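Everything below belongs to final-v5.pdb, which stores PDB, C-alpha atoms and all ligand atoms.
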```
ATOM      1  CA  ALA A  47     -26.011  -6.402   4.197  1.00  0.00           C
ATOM      2  CA  GLN A  48     -25.625  -2.702   5.095  1.00  0.00           C
ATOM      3  CA  GLU A  49     -21.862  -2.974   4.489  1.00  0.00           C
ATOM      4  CA  HIS A  50     -22.467  -4.223   0.925  1.00  0.00           C
ATOM      5  CA  VAL A  51     -24.548  -1.157   0.199  1.00  0.00           C
ATOM      6  CA  THR A  52     -22.140   1.392   1.646  1.00  0.00           C
ATOM      7  CA  CYS A  53     -18.795  -0.002   0.422  1.00  0.00           C
ATOM      8  CA  GLY A  54     -19.876  -1.083  -3.075  1.00  0.00           C
ATOM      9  CA  ASP A  55     -20.432  -4.563  -4.484  1.00  0.00           C
ATOM     10  CA  PHE A  56     -17.206  -6.514  -4.908  1.00  0.00           C
ATOM     11  CA  SER A  57     -18.710  -9.969  -5.434  1.00  0.00           C
ATOM     12  CA  ASP A  58     -16.940 -11.902  -8.241  1.00  0.00           C
ATOM     13  CA  LYS A  59     -13.906  -9.651  -7.804  1.00  0.00           C
ATOM     14  CA  THR A  60     -10.459 -10.540  -6.496  1.00  0.00           C
ATOM     15  CA  VAL A  61      -8.674  -7.740  -4.661  1.00  0.00           C
ATOM     16  CA  LEU A  62      -4.927  -7.960  -4.035  1.00  0.00           C
ATOM     17  CA  ILE A  63      -3.655  -5.666  -1.276  1.00  0.00           C
ATOM     18  CA  THR A  64      -0.156  -4.892   0.062  1.00  0.00           C
ATOM     19  CA  ALA A  65       0.068  -3.689   3.662  1.00  0.00           C
ATOM     20  CA  GLY A  66       2.446  -2.906   6.488  1.00  0.00           C
ATOM     21  CA  PRO A  67       6.121  -2.016   6.288  1.00  0.00           C
ATOM     22  CA  THR A  68       8.886  -3.988   4.621  1.00  0.00           C
ATOM     23  CA  ARG A  69      12.008  -4.872   6.548  1.00  0.00           C
ATOM     24  CA  GLU A  70      15.424  -4.804   4.874  1.00  0.00           C
ATOM     25  CA  ALA A  71      18.214  -6.723   6.604  1.00  0.00           C
ATOM     26  CA  LEU A  72      21.614  -5.132   7.207  1.00  0.00           C
ATOM     27  CA  ASP A  73      23.159  -8.105   9.017  1.00  0.00           C
ATOM     28  CA  PRO A  74      21.790 -11.066  11.027  1.00  0.00           C
ATOM     29  CA  VAL A  75      20.582  -8.802  13.857  1.00  0.00           C
ATOM     30  CA  ARG A  76      19.654  -5.481  12.227  1.00  0.00           C
ATOM     31  CA  TYR A  77      17.299  -4.065   9.620  1.00  0.00           C
ATOM     32  CA  ILE A  78      15.885  -0.792   8.340  1.00  0.00           C
ATOM     33  CA  THR A  79      12.179  -0.223   7.946  1.00  0.00           C
ATOM     34  CA  ASN A  80       9.441   2.437   7.736  1.00  0.00           C
ATOM     35  CA  HIS A  81       6.816   3.561  10.225  1.00  0.00           C
ATOM     36  CA  SER A  82       3.643   1.650   9.328  1.00  0.00           C
ATOM     37  CA  SER A  83       1.141  -0.183  11.507  1.00  0.00           C
ATOM     38  CA  GLY A  84      -0.631  -1.812   8.555  1.00  0.00           C
ATOM     39  CA  LYS A  85      -4.005  -0.675   9.953  1.00  0.00           C
ATOM     40  CA  MET A  86      -5.192   1.089   6.782  1.00  0.00           C
ATOM     41  CA  GLY A  87      -4.413  -1.895   4.539  1.00  0.00           C
ATOM     42  CA  TYR A  88      -5.989  -4.391   6.934  1.00  0.00           C
ATOM     43  CA  ALA A  89      -9.113  -2.227   7.245  1.00  0.00           C
ATOM     44  CA  ILE A  90      -9.422  -2.122   3.438  1.00  0.00           C
ATOM     45  CA  ALA A  91      -8.916  -5.904   3.265  1.00  0.00           C
ATOM     46  CA  GLN A  92     -11.665  -6.475   5.822  1.00  0.00           C
ATOM     47  CA  ALA A  93     -14.094  -4.050   4.171  1.00  0.00           C
ATOM     48  CA  ALA A  94     -13.484  -5.525   0.693  1.00  0.00           C
ATOM     49  CA  GLN A  95     -14.026  -9.061   2.005  1.00  0.00           C
ATOM     50  CA  ARG A  96     -17.289  -8.019   3.642  1.00  0.00           C
ATOM     51  CA  ALA A  97     -18.327  -6.337   0.387  1.00  0.00           C
ATOM     52  CA  GLY A  98     -18.055  -9.710  -1.306  1.00  0.00           C
ATOM     53  CA  ALA A  99     -14.509  -9.793  -2.705  1.00  0.00           C
ATOM     54  CA  ARG A 100     -11.947 -12.574  -2.574  1.00  0.00           C
ATOM     55  CA  VAL A 101      -9.115 -10.757  -0.808  1.00  0.00           C
ATOM     56  CA  ILE A 102      -5.416 -11.638  -0.902  1.00  0.00           C
ATOM     57  CA  LEU A 103      -3.412  -9.605   1.626  1.00  0.00           C
ATOM     58  CA  VAL A 104       0.366  -9.513   1.151  1.00  0.00           C
ATOM     59  CA  SER A 105       1.629  -8.238   4.464  1.00  0.00           C
ATOM     60  CA  GLY A 106       4.938  -7.070   5.854  1.00  0.00           C
ATOM     61  CA  PRO A 107       5.532  -7.516   9.611  1.00  0.00           C
ATOM     62  CA  THR A 108       2.586  -6.142  11.637  1.00  0.00           C
ATOM     63  CA  GLN A 109       0.963  -6.767  15.030  1.00  0.00           C
ATOM     64  CA  LEU A 110      -2.469  -7.203  13.498  1.00  0.00           C
ATOM     65  CA  ALA A 111      -4.837 -10.166  13.348  1.00  0.00           C
ATOM     66  CA  THR A 112      -5.870 -11.466   9.928  1.00  0.00           C
ATOM     67  CA  PRO A 113      -9.385 -10.195   9.080  1.00  0.00           C
ATOM     68  CA  ALA A 114     -11.910 -13.054   8.804  1.00  0.00           C
ATOM     69  CA  GLY A 115     -12.109 -14.612   5.366  1.00  0.00           C
ATOM     70  CA  VAL A 116      -8.995 -12.849   4.071  1.00  0.00           C
ATOM     71  CA  GLU A 117      -6.112 -14.879   2.566  1.00  0.00           C
ATOM     72  CA  ARG A 118      -2.958 -13.467   4.116  1.00  0.00           C
ATOM     73  CA  ILE A 119       0.586 -14.087   2.888  1.00  0.00           C
ATOM     74  CA  ASP A 120       3.396 -12.806   5.113  1.00  0.00           C
ATOM     75  CA  VAL A 121       6.573 -11.346   3.626  1.00  0.00           C
ATOM     76  CA  THR A 122       9.555  -9.480   5.026  1.00  0.00           C
ATOM     77  CA  SER A 123      11.500  -7.615   2.334  1.00  0.00           C
ATOM     78  CA  ALA A 124      10.396  -5.536  -0.660  1.00  0.00           C
ATOM     79  CA  GLN A 125      11.807  -8.146  -3.030  1.00  0.00           C
ATOM     80  CA  GLN A 126       9.729 -10.883  -1.358  1.00  0.00           C
ATOM     81  CA  MET A 127       6.677  -8.617  -1.504  1.00  0.00           C
ATOM     82  CA  LEU A 128       7.216  -8.070  -5.251  1.00  0.00           C
ATOM     83  CA  GLU A 129       7.604 -11.819  -5.931  1.00  0.00           C
ATOM     84  CA  THR A 130       4.450 -12.645  -3.976  1.00  0.00           C
ATOM     85  CA  VAL A 131       2.431  -9.885  -5.644  1.00  0.00           C
ATOM     86  CA  MET A 132       3.590 -10.960  -9.113  1.00  0.00           C
ATOM     87  CA  ALA A 133       2.604 -14.578  -8.344  1.00  0.00           C
ATOM     88  CA  HIS A 134      -0.993 -13.469  -7.634  1.00  0.00           C
ATOM     89  CA  VAL A 135      -1.542 -10.424  -9.829  1.00  0.00           C
ATOM     90  CA  LYS A 136      -2.868 -12.308 -12.885  1.00  0.00           C
ATOM     91  CA  SER A 137      -5.895 -13.530 -10.946  1.00  0.00           C
ATOM     92  CA  CYS A 138      -6.797 -10.136  -9.472  1.00  0.00           C
ATOM     93  CA  ASP A 139      -9.167  -7.447 -10.734  1.00  0.00           C
ATOM     94  CA  ILE A 140      -8.080  -4.683  -8.378  1.00  0.00           C
ATOM     95  CA  PHE A 141      -4.651  -4.024  -6.829  1.00  0.00           C
ATOM     96  CA  ILE A 142      -4.395  -1.698  -3.820  1.00  0.00           C
ATOM     97  CA  ALA A 143      -0.888  -0.782  -2.617  1.00  0.00           C
ATOM     98  CA  THR A 144      -1.006   0.474   0.960  1.00  0.00           C
ATOM     99  CA  ALA A 145       2.379  -0.943   2.010  1.00  0.00           C
ATOM    100  CA  ALA A 146       5.132   1.348   3.258  1.00  0.00           C
ATOM    101  CA  VAL A 147       7.795  -0.277   1.105  1.00  0.00           C
ATOM    102  CA  ALA A 148      11.416   0.561   1.944  1.00  0.00           C
ATOM    103  CA  ASP A 149      12.691   2.533  -1.041  1.00  0.00           C
ATOM    104  CA  TYR A 150      16.211   1.151  -0.583  1.00  0.00           C
ATOM    105  CA  ARG A 151      17.888  -2.000   0.731  1.00  0.00           C
ATOM    106  CA  ALA A 152      21.496  -2.588   1.750  1.00  0.00           C
ATOM    107  CA  SER A 153      23.742  -3.177  -1.287  1.00  0.00           C
ATOM    108  CA  HIS A 154      25.247  -6.019   0.639  1.00  0.00           C
ATOM    109  CA  ILE A 155      23.741  -7.938   3.587  1.00  0.00           C
ATOM    110  CA  SER A 156      26.602  -8.784   5.946  1.00  0.00           C
ATOM    111  CA  GLN A 157      26.727 -12.531   6.723  1.00  0.00           C
ATOM    112  CA  ASN A 158      28.094 -11.725  10.164  1.00  0.00           C
ATOM    113  CA  LYS A 159      27.091  -9.121  12.712  1.00  0.00           C
ATOM    114  CA  ILE A 160      28.598  -5.736  11.850  1.00  0.00           C
ATOM    115  CA  LYS A 161      30.991  -4.967  14.721  1.00  0.00           C
ATOM    116  CA  LYS A 162      31.229  -1.569  16.415  1.00  0.00           C
ATOM    117  CA  LYS A 163      34.456   0.025  15.232  1.00  0.00           C
ATOM    118  CA  ASP A 164      35.020   3.572  13.963  1.00  0.00           C
ATOM    119  CA  ASP A 165      33.131   6.686  15.114  1.00  0.00           C
ATOM    120  CA  GLU A 166      31.387   6.831  11.759  1.00  0.00           C
ATOM    121  CA  LEU A 167      29.701   4.061   9.821  1.00  0.00           C
ATOM    122  CA  THR A 168      28.835   4.292   6.137  1.00  0.00           C
ATOM    123  CA  LEU A 169      26.406   1.889   4.543  1.00  0.00           C
ATOM    124  CA  THR A 170      25.528   1.716   0.862  1.00  0.00           C
ATOM    125  CA  PHE A 171      21.980   1.142  -0.362  1.00  0.00           C
ATOM    126  CA  VAL A 172      20.401   0.220  -3.698  1.00  0.00           C
ATOM    127  CA  LYS A 173      16.898   1.071  -4.865  1.00  0.00           C
ATOM    128  CA  ASN A 174      14.169  -1.499  -4.341  1.00  0.00           C
ATOM    129  CA  PRO A 175      11.729  -2.380  -7.136  1.00  0.00           C
ATOM    130  CA  ASP A 176       8.598  -0.196  -7.236  1.00  0.00           C
ATOM    131  CA  ILE A 177       5.942  -2.886  -6.749  1.00  0.00           C
ATOM    132  CA  LEU A 178       3.007  -0.618  -7.560  1.00  0.00           C
ATOM    133  CA  LYS A 179       4.629   0.722 -10.730  1.00  0.00           C
ATOM    134  CA  GLU A 180       5.556  -2.770 -11.926  1.00  0.00           C
ATOM    135  CA  VAL A 181       1.959  -3.910 -11.510  1.00  0.00           C
ATOM    136  CA  ALA A 182       0.433  -0.819 -13.134  1.00  0.00           C
ATOM    137  CA  CYS A 183       2.830  -1.058 -16.089  1.00  0.00           C
ATOM    138  CA  LEU A 184       2.009  -4.717 -16.886  1.00  0.00           C
ATOM    139  CA  PRO A 185       0.619  -5.268 -20.432  1.00  0.00           C
ATOM    140  CA  THR A 186      -2.852  -6.008 -18.990  1.00  0.00           C
ATOM    141  CA  PRO A 187      -2.810  -4.445 -15.523  1.00  0.00           C
ATOM    142  CA  PRO A 188      -5.555  -4.790 -12.934  1.00  0.00           C
ATOM    143  CA  PHE A 189      -7.349  -1.632 -11.772  1.00  0.00           C
ATOM    144  CA  THR A 190      -4.586  -0.070  -9.672  1.00  0.00           C
ATOM    145  CA  VAL A 191      -4.853   2.082  -6.571  1.00  0.00           C
ATOM    146  CA  GLY A 192      -1.780   3.645  -4.965  1.00  0.00           C
ATOM    147  CA  PHE A 193      -1.225   5.563  -1.775  1.00  0.00           C
ATOM    148  CA  ALA A 194       0.989   8.605  -1.342  1.00  0.00           C
ATOM    149  CA  ALA A 195       2.275   9.638   2.038  1.00  0.00           C
ATOM    150  CA  GLU A 196       3.448  13.230   1.702  1.00  0.00           C
ATOM    151  CA  SER A 197       4.666  15.834   4.180  1.00  0.00           C
ATOM    152  CA  GLN A 198       4.376  18.796   1.745  1.00  0.00           C
ATOM    153  CA  ASN A 199       2.848  19.709  -1.674  1.00  0.00           C
ATOM    154  CA  VAL A 200       0.497  16.770  -1.125  1.00  0.00           C
ATOM    155  CA  GLU A 201      -1.765  17.107  -4.176  1.00  0.00           C
ATOM    156  CA  HIS A 202       1.085  17.995  -6.543  1.00  0.00           C
ATOM    157  CA  TYR A 203       3.247  15.010  -5.569  1.00  0.00           C
ATOM    158  CA  ALA A 204       0.262  12.668  -5.539  1.00  0.00           C
ATOM    159  CA  ARG A 205      -0.759  13.689  -9.079  1.00  0.00           C
ATOM    160  CA  GLN A 206       2.829  13.136 -10.246  1.00  0.00           C
ATOM    161  CA  LYS A 207       2.711   9.597  -8.818  1.00  0.00           C
ATOM    162  CA  LEU A 208      -0.680   8.962 -10.457  1.00  0.00           C
ATOM    163  CA  ILE A 209       0.770   9.872 -13.863  1.00  0.00           C
ATOM    164  CA  ASN A 210       4.309   8.452 -13.514  1.00  0.00           C
ATOM    165  CA  LYS A 211       3.120   5.097 -12.211  1.00  0.00           C
ATOM    166  CA  LYS A 212       0.100   4.950 -14.604  1.00  0.00           C
ATOM    167  CA  LEU A 213      -2.390   4.443 -11.755  1.00  0.00           C
ATOM    168  CA  ASP A 214      -6.176   4.559 -11.913  1.00  0.00           C
ATOM    169  CA  ILE A 215      -6.471   6.188  -8.472  1.00  0.00           C
ATOM    170  CA  ILE A 216      -4.113   7.596  -5.851  1.00  0.00           C
ATOM    171  CA  ALA A 217      -5.084   8.162  -2.221  1.00  0.00           C
ATOM    172  CA  ALA A 218      -2.927  10.878  -0.704  1.00  0.00           C
ATOM    173  CA  ASN A 219      -2.446  11.448   2.979  1.00  0.00           C
ATOM    174  CA  ASP A 220      -0.789  14.448   4.555  1.00  0.00           C
ATOM    175  CA  ILE A 221       1.538  13.020   7.205  1.00  0.00           C
ATOM    176  CA  SER A 222       2.075  16.483   8.717  1.00  0.00           C
ATOM    177  CA  ARG A 223      -1.542  16.511   9.996  1.00  0.00           C
ATOM    178  CA  GLU A 224      -1.555  15.763  13.705  1.00  0.00           C
ATOM    179  CA  GLY A 225      -3.083  12.568  15.069  1.00  0.00           C
ATOM    180  CA  LEU A 226      -3.583  11.065  11.598  1.00  0.00           C
ATOM    181  CA  GLY A 227      -1.816   8.291   9.703  1.00  0.00           C
ATOM    182  CA  PHE A 228       0.971   5.981  10.886  1.00  0.00           C
ATOM    183  CA  ASN A 229       0.062   4.268  14.138  1.00  0.00           C
ATOM    184  CA  SER A 230      -3.187   6.189  14.549  1.00  0.00           C
ATOM    185  CA  ASP A 231      -6.673   4.701  14.225  1.00  0.00           C
ATOM    186  CA  GLN A 232      -7.711   7.848  12.351  1.00  0.00           C
ATOM    187  CA  ASN A 233      -6.798   9.037   8.889  1.00  0.00           C
ATOM    188  CA  ALA A 234      -7.940  11.388   6.134  1.00  0.00           C
ATOM    189  CA  LEU A 235      -7.402  10.870   2.401  1.00  0.00           C
ATOM    190  CA  HIS A 236      -7.479  13.020  -0.695  1.00  0.00           C
ATOM    191  CA  VAL A 237      -8.471  10.546  -3.406  1.00  0.00           C
ATOM    192  CA  ILE A 238      -7.359  11.645  -6.877  1.00  0.00           C
ATOM    193  CA  TRP A 239      -7.899  10.249 -10.400  1.00  0.00           C
ATOM    194  CA  ALA A 240      -7.231  11.599 -13.904  1.00  0.00           C
ATOM    195  CA  ASP A 241     -10.343  13.773 -14.157  1.00  0.00           C
ATOM    196  CA  GLY A 242     -11.600  14.166 -10.628  1.00  0.00           C
ATOM    197  CA  ASP A 243     -10.979  13.925  -6.919  1.00  0.00           C
ATOM    198  CA  LYS A 244     -12.726  13.470  -3.584  1.00  0.00           C
ATOM    199  CA  ARG A 245     -11.706  14.455  -0.076  1.00  0.00           C
ATOM    200  CA  LEU A 246     -12.417  11.888   2.627  1.00  0.00           C
ATOM    201  CA  GLU A 247     -12.467  13.755   5.941  1.00  0.00           C
ATOM    202  CA  PRO A 248     -10.657  12.537   9.100  1.00  0.00           C
ATOM    203  CA  GLN A 249     -12.361   9.421  10.443  1.00  0.00           C
ATOM    204  CA  ASN A 250     -11.738   5.982  11.857  1.00  0.00           C
ATOM    205  CA  LYS A 251      -9.673   3.856   9.426  1.00  0.00           C
ATOM    206  CA  LYS A 252     -12.462   1.238   9.253  1.00  0.00           C
ATOM    207  CA  HIS A 253     -14.970   3.841   8.071  1.00  0.00           C
ATOM    208  CA  LEU A 254     -12.387   5.427   5.802  1.00  0.00           C
ATOM    209  CA  ALA A 255     -11.662   2.036   4.190  1.00  0.00           C
ATOM    210  CA  CYS A 256     -15.346   1.732   3.333  1.00  0.00           C
ATOM    211  CA  ALA A 257     -15.486   5.273   1.911  1.00  0.00           C
ATOM    212  CA  LEU A 258     -12.396   4.574  -0.201  1.00  0.00           C
ATOM    213  CA  LEU A 259     -13.850   1.302  -1.521  1.00  0.00           C
ATOM    214  CA  THR A 260     -16.983   3.178  -2.559  1.00  0.00           C
ATOM    215  CA  VAL A 261     -14.854   5.509  -4.691  1.00  0.00           C
ATOM    216  CA  ILE A 262     -12.876   2.549  -6.093  1.00  0.00           C
ATOM    217  CA  ASN A 263     -16.128   0.743  -6.984  1.00  0.00           C
ATOM    218  CA  ASP A 264     -17.461   3.856  -8.759  1.00  0.00           C
ATOM    219  CA  ARG A 265     -14.271   4.457 -10.735  1.00  0.00           C
ATOM    220  CA  TYR A 266     -13.897   0.755 -11.593  1.00  0.00           C
ATOM    221  CA  ASN A 267     -17.440   0.604 -12.998  1.00  0.00           C
ATOM    222  CA  ASN A 268     -16.917   3.925 -14.788  1.00  0.00           C
ATOM    223  CA  LYS A 269     -13.762   2.581 -16.487  1.00  0.00           C
ATOM    224  CA  LYS A 270     -15.466  -0.620 -17.652  1.00  0.00           C
ATOM    225  CA  THR A 271     -18.306   1.223 -19.407  1.00  0.00           C
TER     226      THR A 271
HETATM  227  N1  LIG A 301       5.306   1.577  -3.491  1.00  0.00           N
HETATM  228  C1  LIG A 301       5.579   0.288  -3.919  1.00  0.00           C
HETATM  229  N2  LIG A 301       6.883  -0.125  -4.010  1.00  0.00           N
HETATM  230  C2  LIG A 301       7.896   0.691  -3.668  1.00  0.00           C
HETATM  231  C3  LIG A 301       7.621   2.000  -3.206  1.00  0.00           C
HETATM  232  C4  LIG A 301       6.298   2.412  -3.125  1.00  0.00           C
HETATM  233  O1  LIG A 301       4.659  -0.469  -4.237  1.00  0.00           O
HETATM  234  N3  LIG A 301       9.147   0.265  -3.759  1.00  0.00           N
HETATM  235  C5  LIG A 301       3.902   2.030  -3.452  1.00  0.00           C
HETATM  236  C6  LIG A 301       3.343   2.301  -2.064  1.00  0.00           C
HETATM  237  O2  LIG A 301       2.725   1.143  -1.551  1.00  0.00           O
HETATM  238  C7  LIG A 301       2.339   3.409  -2.354  1.00  0.00           C
HETATM  239  C8  LIG A 301       2.935   4.163  -3.529  1.00  0.00           C
HETATM  240  O3  LIG A 301       3.856   3.255  -4.131  1.00  0.00           O
HETATM  241  O4  LIG A 301       1.099   2.889  -2.781  1.00  0.00           O
HETATM  242  C9  LIG A 301       3.620   5.441  -3.204  1.00  0.00           C
HETATM  243  O5  LIG A 301       4.593   5.242  -2.207  1.00  0.00           O
HETATM  244  P1  LIG A 301       5.464   6.490  -1.729  1.00  0.00           P
HETATM  245  O6  LIG A 301       6.516   6.028  -0.785  1.00  0.00           O
HETATM  246  O7  LIG A 301       4.516   7.587  -1.316  1.00  0.00           O
HETATM  247  O8  LIG A 301       6.100   6.977  -3.127  1.00  0.00           O
HETATM  248  P2  LIG A 301       7.467   6.672  -3.841  1.00  0.00           P
HETATM  249  O9  LIG A 301       7.145   6.408  -5.276  1.00  0.00           O
HETATM  250  O10 LIG A 301       8.253   5.615  -3.139  1.00  0.00           O
HETATM  251  O11 LIG A 301       8.217   8.069  -3.790  1.00  0.00           O
HETATM  252  P3  LIG A 301       8.794   8.900  -2.493  1.00  0.00           P
HETATM  253  O12 LIG A 301       8.958   7.923  -1.347  1.00  0.00           O
HETATM  254  O13 LIG A 301      10.068   9.482  -2.973  1.00  0.00           O
HETATM  255  O14 LIG A 301       7.754   9.954  -2.194  1.00  0.00           O
HETATM  256 CA    CA A 302       8.729   5.698  -0.875  1.00  0.00          CA
END
```
Same coordinates, now as structure tokens:
Amino acid sequence: AQEHVTCGDFSDKTVLITAGPTREALDPVRYITNHSSGKMGYAIAQAAQRAGARVILVSGPTQLATPAGVERIDVTSAQQMLETVMAHVKSCDIFIATAAVADYRASHISQNKIKKKDDELTLTFVKNPDILKEVACLPTPPFTVGFAAESQNVEHYARQKLINKKLDIIAANDISREGLGFNSDQNALHVIWADGDKRLEPQNKKHLACALLTVINDRYNNKKT
């Protein structure tokens, strides 16, 4: 019951969450990906479920166990993640994009293993769809929350993403801060919306997930009224 009080009340709400990295094939044995453990997204999924939400977790490849009561759908590539998100977005009230989506995929996936040949290898990539932007720009979007992993000008870049992608909230993390983010159990977030912001200090990702949900709950209720 304590969890309900501290993370907000999400009963009667469906929360759709993307988490983990995506994996983009180059050939039958190779792929490119991003650093991402999926821990932040899974922690948010667990906290939202405990706060009463129906939670659908669209996950790239991770080493993590599915939080109890969470509906998890596994995907590999960004395109699969987009398709799965679009298939479930109409039924959701809140969309939270924590996934480290590969910005590009190979223009052509080789049917056969690429053989070692010249001293230099050039590959060509094409841009992947921006899942978060596509959701936020729907005619009747859910309440949308994005993440921004930045190594410099954190607040400036995060605010640009908030505006360009038409988000309700963006949670920025400074990846240059030691011992935070990526594979760590700790993280800090600067949560930003159109007319306000809140800094969530470095803490365990499970506690941070709860603190973030509290802000989301506040902003969601503020938007409705
Ligand atoms: N995102 C997404 N689909 C993509 C790329 C990003 O849904 N193809 C989402 C991420 O899940 C995150 C937010 O968009 O919530 C911001 O991701 P980030 O990589 O920080 O921003 P980009 O818009 O991709 O810009 P850049 O990588 O150049 O900073
Ligand atoms: Ca990116």
- Task: Could you check which of A:Val116, A:Val172, A:Val135, A:Leu254 is closest to Asn219 of chain A, using only C-alpha atoms?
- Result: A:Leu254
- Message: Set the distance at 12 Å and use all atoms listed in the file: which residues neighbour segment 164-168 of chain A once local chain neighbours fewer than 4 positions away are removed? I'd like the list as a VMD selection string.
- Response: chain A and resid 72 152 to 153 160
- Message: Taking all atoms listed in the file into account, which residues have an atom no farther than 9 Å from ligand CA 302 (chain A)? I'd like them as a list in words.
- Response: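 The neighbouring residues of ligand CA 302 (chain A) are, in order, Ala146, Val147, Ala148, Asp149, Tyr150, Asp176, Ala194 and Ala195 of chain A.
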- Item | Among listed residues A:Arg76, A:Arg223, A:Arg118, A:Lys173, nearest ligand LIG 301 (chain A) (using all atoms listed in the file) |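 Closest candidate: A:Lys173.
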- Item | Best match for closeness to ligand LIG 301 (chain A) among A:Leu110, A:Ala89, A:Ile177, A:Leu259, counting only C-alpha atoms and all ligand atoms |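 Among the listed residues, A:Ile177 lies closest to ligand LIG 301 (chain A).
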- Query: Leaving out Glu247 of chain A and any residue of its chain fewer than 5 positions from it, which residues lie within 12 Å of it when counting all atoms listed in the file, given as a PyMOL selection string?
  - Reply: chain A and resi 218-220+223+226+232-237+253-255+257-258
- Query: Between A:Asn250, A:Asn267, A:Thr144, A:Gln95, which one has atoms that come closest to Thr112 of chain A, using all atoms listed in the file?
  - Reply: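 So, comparing all the options, the nearest one is A:Gln95.
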- Query: If we count all atoms listed in the file, what is near Ile102 of chain A at a cut-off of 8 Å, once residues fewer than 4 positions away on the same chain are taken out, given as a PyMOL selection string?
  - Reply: chain A and resi 60-63+91+116-119
For C-alpha atoms, I'd like the residues from the last selection saved as an mmCIF file, in the frame of the given file.
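Result file again_21.cif:
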```cif
data_model
loop_
_atom_site.group_PDB
_atom_site.id
_atom_site.type_symbol
_atom_site.label_atom_id
_atom_site.label_comp_id
_atom_site.auth_asym_id
_atom_site.auth_seq_id
_atom_site.Cartn_x
_atom_site.Cartn_y
_atom_site.Cartn_z
ATOM 1 C CA THR A 60 -10.459 -10.540 -6.496
ATOM 2 C CA VAL A 61 -8.674 -7.740 -4.661
ATOM 3 C CA LEU A 62 -4.927 -7.960 -4.035
ATOM 4 C CA ILE A 63 -3.655 -5.666 -1.276
ATOM 5 C CA ALA A 91 -8.916 -5.904 3.265
ATOM 6 C CA VAL A 116 -8.995 -12.849 4.071
ATOM 7 C CA GLU A 117 -6.112 -14.879 2.566
ATOM 8 C CA ARG A 118 -2.958 -13.467 4.116
ATOM 9 C CA ILE A 119 0.586 -14.087 2.888
#
```
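Across the model, the gap from atom CA of Lys211 of chain A to atom CA of Arg100 of chain A is 25.1 Å.
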- Task: With the file shown as input, list the residues that the PyMOL selection byres (((chain A and resi 124) around 10) and not hetatm) selects, as number ranges by chain.
- Result: A: 67-70, 106, 121-123, 125-130, 145-151, 174-177
- A:Lys212, A:Lys207, A:Arg245, A:Lys269 ranked by distance to ligand LIG 301 (chain A), top pick (using only C-alpha atoms and all ligand atoms):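 Checking each candidate against ligand LIG 301 (chain A), we get A:Lys207 as the closest.
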- Query: For Ser230 of chain A, which residue among A:Ser82, A:Thr260, A:Ser137, A:Thr108 is the nearest when counting only C-alpha atoms?
  - Reply: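 Using only C-alpha atoms, the shortest distance to Ser230 of chain A belongs to A:Ser82.
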- So how far away is atom CA of Gln157 of chain A from atom O5 of ligand LIG 301 (chain A), in Å?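 Result for atom O5 of ligand LIG 301 (chain A) versus atom CA of Gln157 of chain A: 29.8 Å, one decimal.
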- Message: At a cut-off of 12 Å, using all atoms listed in the file, what residues contact Asp139 of chain A? Leave out same-chain residues fewer than 6 positions from it and give the result as a ChimeraX atom specification.
- Response: /A:56-63,99-102,181-182,186-191,262-263,266-267,270
- Message: Taking 3 positions as the minimum chain separation for residues in the same chain, which residues sit within 8 Å of Ala93 of chain A when counting all atoms listed in the file? Answer as a count of residues only.
- Response: 10
- Distance in Å - atom CA of Gly66 of chain A versus atom CA of Thr52 of chain A: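 Atom CA of Gly66 of chain A sits 25.4 Å away from atom CA of Thr52 of chain A.
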Extending 5 Å beyond the listed atoms of ligand LIG 301 (chain A) on each side, what axis-aligned box results? I want centre and edge lengths in Å to one decimal, as lines of an AutoDock Vina configuration file.
```
center_x = 5.6
center_y = 4.7
center_z = -3.0
size_x = 19.0
size_y = 20.4
size_z = 14.5
```
Which residues, named as in the file, does the PyMOL selection byres (((chain A and resi 158) around 10) and not hetatm) pick out? Answer as a PDB file with C-alpha atoms, in the frame of the given file.
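Now in selection-v7.pdb:
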```pdb
ATOM      1  CA  LEU A  72      21.614  -5.132   7.207  1.00  0.00           C
ATOM      2  CA  ASP A  73      23.159  -8.105   9.017  1.00  0.00           C
ATOM      3  CA  PRO A  74      21.790 -11.066  11.027  1.00  0.00           C
ATOM      4  CA  VAL A  75      20.582  -8.802  13.857  1.00  0.00           C
ATOM      5  CA  ILE A 155      23.741  -7.938   3.587  1.00  0.00           C
ATOM      6  CA  SER A 156      26.602  -8.784   5.946  1.00  0.00           C
ATOM      7  CA  GLN A 157      26.727 -12.531   6.723  1.00  0.00           C
ATOM      8  CA  LYS A 159      27.091  -9.121  12.712  1.00  0.00           C
ATOM      9  CA  ILE A 160      28.598  -5.736  11.850  1.00  0.00           C
ATOM     10  CA  LYS A 161      30.991  -4.967  14.721  1.00  0.00           C
TER      11      LYS A 161
END
```
Test item: write segment 187-191 of chain A with N, CA and C atoms as a PDB file, in the first residue's frame:
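Written file, part_22.pdb:
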```pdb
ATOM      1  N   PRO A 187      -2.706  11.332 -29.230  1.00  0.00           N
ATOM      2  CA  PRO A 187      -1.613  10.608 -28.563  1.00  0.00           C
ATOM      3  C   PRO A 187      -1.912  10.326 -27.101  1.00  0.00           C
ATOM      4  N   PRO A 188      -1.277   9.280 -26.544  1.00  0.00           N
ATOM      5  CA  PRO A 188      -1.318   9.109 -25.096  1.00  0.00           C
ATOM      6  C   PRO A 188      -0.454  10.200 -24.455  1.00  0.00           C
ATOM      7  N   PHE A 189      -0.432  10.250 -23.137  1.00  0.00           N
ATOM      8  CA  PHE A 189       0.509  11.110 -22.413  1.00  0.00           C
ATOM      9  C   PHE A 189       1.893  10.525 -22.665  1.00  0.00           C
ATOM     10  N   THR A 190       2.803  11.305 -23.232  1.00  0.00           N
ATOM     11  CA  THR A 190       4.085  10.726 -23.660  1.00  0.00           C
ATOM     12  C   THR A 190       5.267  11.226 -22.834  1.00  0.00           C
ATOM     13  N   VAL A 191       6.106  10.278 -22.467  1.00  0.00           N
ATOM     14  CA  VAL A 191       7.310  10.574 -21.688  1.00  0.00           C
ATOM     15  C   VAL A 191       8.515  10.012 -22.437  1.00  0.00           C
TER      16      VAL A 191
END
```
